[in-house]
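Peer 1: Sharing a structure here in structure tokens format.
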Amino acid sequence: MEGQILQIVAWVFLGVGAVFSLIGGIGLIRLPDFYTRMHAAGMTDTLGAGGILIGLMFLSGFNLVTAKLIFILLFIFFTSPTSSHSVAKAAMGAGFKPLLQRRD
């Protein structure tokens, strides 16, 4: 019974992670501006990968694989927002203006 509950929780996290990743992909296609696309991709990428990795942790049980997944999750949570911020700052420094501020 306990194993079935853990599998259900794992599949819920996997499903939530997959949905966030799908929403991020749709956001990359549908949003009009570089900055809004980058925001959608950065936020949903972190949440999607986090959900998938947490689901995989529940499926694998408590072992060395779980420890590796925790390190991957921490790495993604620290590097994804930092890289999004760096790309946005570089784009602003290069003079790439947001869509609402363009006056060509």
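Order determines the names: the first chain of the structure tokens is A, the second B, and so forth; residues in each chain are numbered 1 upward, and ligands are numbered 1 upward as they are shown.
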Neighbouring residues of Met43 in chain A were defined as those with any atom within 12 Å, considering only C-alpha atoms; residues of the same chain fewer than 5 positions away were excluded. Please report them as a ChimeraX atom specification.
Peer 2: /A:17,20-21,23-25,27-28,36-38,48-50,76-77,79-85
Peer 1: Could you write out the selected residues, including N, CA and C atoms, as a compact mmCIF listing (two decimals), in the first residue's frame?
Peer 2:
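New file part_2.txt:
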# COMPACT_ATOMS: atom_id res chain seq x y z
N GLY A 17 5.72 18.49 -13.48
CA GLY A 17 6.94 18.93 -14.15
C GLY A 17 6.79 18.94 -15.66
N PHE A 20 4.60 21.97 -16.67
CA PHE A 20 5.36 23.22 -16.63
C PHE A 20 6.32 23.32 -17.81
N SER A 21 6.96 22.22 -18.16
CA SER A 21 7.87 22.24 -19.30
C SER A 21 7.11 22.50 -20.60
N ILE A 23 4.24 24.16 -20.86
CA ILE A 23 3.82 25.56 -20.83
C ILE A 23 4.99 26.47 -21.21
N GLY A 24 6.18 26.14 -20.75
CA GLY A 24 7.36 26.91 -21.12
C GLY A 24 7.64 26.86 -22.61
N GLY A 25 7.48 25.70 -23.20
CA GLY A 25 7.65 25.58 -24.64
C GLY A 25 6.62 26.38 -25.42
N GLY A 27 5.13 29.00 -24.26
CA GLY A 27 5.48 30.41 -24.02
C GLY A 27 6.58 30.90 -24.94
N LEU A 28 7.53 30.04 -25.25
CA LEU A 28 8.60 30.43 -26.18
C LEU A 28 8.05 30.72 -27.57
N THR A 36 10.13 38.59 -22.41
CA THR A 36 9.01 37.79 -21.91
C THR A 36 9.23 36.31 -22.21
N ARG A 37 9.80 36.03 -23.37
CA ARG A 37 10.12 34.63 -23.69
C ARG A 37 11.16 34.08 -22.73
N MET A 38 12.17 34.89 -22.44
CA MET A 38 13.21 34.44 -21.54
C MET A 38 12.66 34.23 -20.13
N GLY A 48 9.67 23.00 -14.05
CA GLY A 48 9.47 21.73 -14.75
C GLY A 48 10.55 20.72 -14.40
N ALA A 49 11.79 21.15 -14.46
CA ALA A 49 12.89 20.24 -14.12
C ALA A 49 12.82 19.84 -12.65
N GLY A 50 12.44 20.78 -11.78
CA GLY A 50 12.32 20.46 -10.36
C GLY A 50 11.25 19.41 -10.11
N ILE A 76 20.44 23.10 -10.65
CA ILE A 76 19.48 23.77 -11.55
C ILE A 76 18.84 24.96 -10.85
N PHE A 77 18.47 24.81 -9.58
CA PHE A 77 17.83 25.92 -8.86
C PHE A 77 18.75 27.12 -8.68
N THR A 79 21.58 27.75 -10.84
CA THR A 79 22.13 28.23 -12.11
C THR A 79 21.09 28.78 -13.07
N SER A 80 19.88 28.26 -13.06
CA SER A 80 18.88 28.71 -14.03
C SER A 80 18.49 30.18 -13.82
N PRO A 81 18.14 30.61 -12.61
CA PRO A 81 17.83 32.04 -12.45
C PRO A 81 19.04 32.94 -12.69
N THR A 82 20.23 32.46 -12.32
CA THR A 82 21.43 33.25 -12.52
C THR A 82 21.73 33.43 -14.00
N SER A 83 21.58 32.37 -14.77
CA SER A 83 21.85 32.48 -16.20
C SER A 83 20.79 33.34 -16.90
N SER A 84 19.54 33.25 -16.49
CA SER A 84 18.51 34.11 -17.07
C SER A 84 18.80 35.58 -16.79
N HIS A 85 19.22 35.87 -15.57
CA HIS A 85 19.56 37.25 -15.22
C HIS A 85 20.76 37.73 -16.03
Peer 1: Range 88-100 of chain A: which residues within 8 Å, counting only C-alpha atoms, same-chain residues fewer than 5 positions away excluded, as a PyMOL selection string?
Peer 2: chain A and resi 32-35+38
Peer 1: Output C-alpha atoms of each residue in that selection to a file, as a short mmCIF file (atom, residue, chain, number, x, y, z; two decimals), in the first residue's frame.
Peer 2:
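Wrote result_19.cif, looks like this:
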data_model
loop_
_atom_site.label_atom_id
_atom_site.label_comp_id
_atom_site.auth_asym_id
_atom_site.auth_seq_id
_atom_site.Cartn_x
_atom_site.Cartn_y
_atom_site.Cartn_z
CA PRO A 32 6.04 38.46 -28.42
CA ASP A 33 9.25 39.71 -26.85
CA PHE A 34 12.73 38.40 -26.09
CA TYR A 35 12.45 39.32 -22.43
CA MET A 38 13.21 34.44 -21.54
#
Peer 1: Name the residues in contact with Gly61 in chain A at a cut-off of 12 Å, using only C-alpha atoms, excluding same-chain residues fewer than 6 positions from it; report them as a PyMOL selection string.
Peer 2: chain A and resi 3+6-7+10+54-55+67+69
Peer 1: Could the residues in this selection be written to a file with N, CA and C atoms, as a PDB file, in the first residue's frame?
Peer 2:
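The result, stored in part-v4.pdb:
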ATOM      1  N   GLY A   3       3.921   1.560  -1.073  1.00  0.00           N
ATOM      2  CA  GLY A   3       4.603   1.664  -2.367  1.00  0.00           C
ATOM      3  C   GLY A   3       3.709   2.281  -3.438  1.00  0.00           C
ATOM      4  N   LEU A   6       3.559   6.076  -2.838  1.00  0.00           N
ATOM      5  CA  LEU A   6       4.779   6.724  -3.318  1.00  0.00           C
ATOM      6  C   LEU A   6       4.805   6.822  -4.834  1.00  0.00           C
ATOM      7  N   GLN A   7       4.319   5.797  -5.507  1.00  0.00           N
ATOM      8  CA  GLN A   7       4.265   5.858  -6.971  1.00  0.00           C
ATOM      9  C   GLN A   7       3.271   6.896  -7.454  1.00  0.00           C
ATOM     10  N   ALA A  10       4.902  10.224  -6.948  1.00  0.00           N
ATOM     11  CA  ALA A  10       5.957  10.397  -7.953  1.00  0.00           C
ATOM     12  C   ALA A  10       5.371  10.767  -9.305  1.00  0.00           C
ATOM     13  N   ILE A  54      12.049  15.697  -8.652  1.00  0.00           N
ATOM     14  CA  ILE A  54      11.433  15.247  -7.394  1.00  0.00           C
ATOM     15  C   ILE A  54      10.640  13.966  -7.626  1.00  0.00           C
ATOM     16  N   GLY A  55       9.929  13.887  -8.745  1.00  0.00           N
ATOM     17  CA  GLY A  55       9.221  12.655  -9.074  1.00  0.00           C
ATOM     18  C   GLY A  55      10.165  11.475  -9.233  1.00  0.00           C
ATOM     19  N   ALA A  67      20.594  10.850  -4.040  1.00  0.00           N
ATOM     20  CA  ALA A  67      21.586  11.874  -3.679  1.00  0.00           C
ATOM     21  C   ALA A  67      22.063  12.622  -4.924  1.00  0.00           C
ATOM     22  N   LEU A  69      20.362  13.010  -7.709  1.00  0.00           N
ATOM     23  CA  LEU A  69      19.241  13.836  -8.175  1.00  0.00           C
ATOM     24  C   LEU A  69      19.096  15.095  -7.332  1.00  0.00           C
TER      25      LEU A  69
END
